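Shown next, in structure tokens, is the structure this report addresses.
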Amino acid sequence: MSSLILISHVKDGIELARQHHLGKEIIHIISQHHGKSFISFFYNKAVEAAKSPRAPKPPCCSYKYR
């Protein structure tokens, strides 16, 4: 859940910038805030939680900023 909050803060920032009519340049900077960084802390937590034999390994793409 925490990874979703972290990932969504960039999207939320873009939405707020549009609501407040900030310029395209500012919106672009917000969208590039984390690039496509990997959130390894939460990914590793998910891998640990999925250690049971039947649990699938979490997809890496779910732990990257978009």
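Chain labels A, B, ... are given in the sequence in which chains occur in the structure tokens; within each chain residues are numbered consecutively from 1, and ligands are likewise numbered from 1 in the order shown.
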Spatial neighbours of range 10-22 of chain A, max dist 12 Å, only C-alpha atoms, sep filter under 3 positions, as a tab-separated table (two decimals) with N, CA and C atoms, in the first residue's frame:
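selection10.tsv, written as the output of this step:
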```tsv
chain	number	residue	atom	x	y	z
A	4	LEU	N	2.11	2.27	-3.36
A	4	LEU	CA	1.10	2.93	-4.20
A	4	LEU	C	1.01	4.42	-3.88
A	5	ILE	N	1.14	4.76	-2.63
A	5	ILE	CA	1.11	6.17	-2.23
A	5	ILE	C	2.32	6.90	-2.82
A	6	LEU	N	3.48	6.29	-2.71
A	6	LEU	CA	4.68	6.92	-3.26
A	6	LEU	C	4.58	7.08	-4.77
A	7	ILE	N	4.14	6.05	-5.45
A	7	ILE	CA	4.05	6.10	-6.90
A	7	ILE	C	3.02	7.14	-7.34
A	25	GLU	N	5.78	23.78	-18.57
A	25	GLU	CA	7.15	23.50	-18.13
A	25	GLU	C	7.17	22.95	-16.70
A	26	ILE	N	6.35	23.53	-15.84
A	26	ILE	CA	6.28	23.07	-14.44
A	26	ILE	C	5.69	21.66	-14.39
A	27	ILE	N	4.64	21.42	-15.15
A	27	ILE	CA	4.02	20.10	-15.19
A	27	ILE	C	5.02	19.06	-15.69
A	28	HIS	N	5.81	19.43	-16.68
A	28	HIS	CA	6.83	18.52	-17.21
A	28	HIS	C	7.87	18.18	-16.14
A	29	ILE	N	8.29	19.18	-15.37
A	29	ILE	CA	9.26	18.95	-14.30
A	29	ILE	C	8.67	18.00	-13.25
A	30	ILE	N	7.43	18.21	-12.90
A	30	ILE	CA	6.77	17.33	-11.92
A	30	ILE	C	6.73	15.90	-12.45
A	31	SER	N	6.41	15.74	-13.74
A	31	SER	CA	6.30	14.39	-14.32
A	31	SER	C	7.66	13.68	-14.34
A	32	GLN	N	8.75	14.44	-14.37
A	32	GLN	CA	10.08	13.85	-14.40
A	32	GLN	C	10.70	13.72	-13.00
A	33	HIS	N	9.94	14.04	-11.98
A	33	HIS	CA	10.43	14.09	-10.60
A	33	HIS	C	11.22	12.84	-10.20
A	34	HIS	N	10.72	11.68	-10.51
A	34	HIS	CA	11.43	10.43	-10.17
A	34	HIS	C	11.83	9.64	-11.41
A	35	GLY	N	11.48	10.13	-12.57
A	35	GLY	CA	11.79	9.36	-13.78
A	35	GLY	C	11.09	8.02	-13.74
A	36	LYS	N	11.84	6.97	-13.99
A	36	LYS	CA	11.28	5.62	-13.94
A	36	LYS	C	12.02	4.81	-12.88
A	37	SER	N	12.28	5.48	-11.76
A	37	SER	CA	13.02	4.86	-10.65
A	37	SER	C	12.30	3.61	-10.14
A	64	LYS	N	7.67	0.67	-9.95
A	64	LYS	CA	8.40	1.72	-10.66
A	64	LYS	C	7.50	2.92	-10.85
A	65	TYR	N	8.12	4.09	-10.79
A	65	TYR	CA	7.37	5.30	-11.14
A	65	TYR	C	7.12	5.25	-12.64
A	66	ARG	N	6.00	5.81	-13.05
A	66	ARG	CA	5.65	5.76	-14.47
A	66	ARG	C	5.77	7.11	-15.10
```
Query - DSSP alpha helix (DSSP H) selection over chain A, as a count of residues only - result: 36
Requested in this report: Name the residues in contact with Phe42 in chain A at a cut-off of 8 Å, using only C-alpha atoms, excluding same-chain residues fewer than 5 positions from it; report them as a VMD selection string.
Outcome: chain A and resid 2 to 3 63
With N, CA, C and O atoms retained, export the selected residues as a PDB file, in the first residue's frame.
```
ATOM      1  N   SER A   2       1.921   1.267   0.784  1.00  0.00           N
ATOM      2  CA  SER A   2       2.789   2.445   0.837  1.00  0.00           C
ATOM      3  C   SER A   2       3.437   2.735  -0.501  1.00  0.00           C
ATOM      4  O   SER A   2       3.637   3.890  -0.856  1.00  0.00           O
ATOM      5  N   SER A   3       3.771   1.672  -1.246  1.00  0.00           N
ATOM      6  CA  SER A   3       4.373   1.903  -2.562  1.00  0.00           C
ATOM      7  C   SER A   3       3.384   2.594  -3.489  1.00  0.00           C
ATOM      8  O   SER A   3       3.770   3.436  -4.301  1.00  0.00           O
ATOM      9  N   TYR A  63       6.466  -1.671  -9.158  1.00  0.00           N
ATOM     10  CA  TYR A  63       7.259  -0.933  -8.182  1.00  0.00           C
ATOM     11  C   TYR A  63       8.160   0.095  -8.856  1.00  0.00           C
ATOM     12  O   TYR A  63       9.277   0.356  -8.411  1.00  0.00           O
TER      13      TYR A  63
END
```
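Minimum distance to Phe41 in chain A across A:Pro53, A:Gly23, A:His9, A:Cys60 (counting only C-alpha atoms) occurs at A:Cys60.
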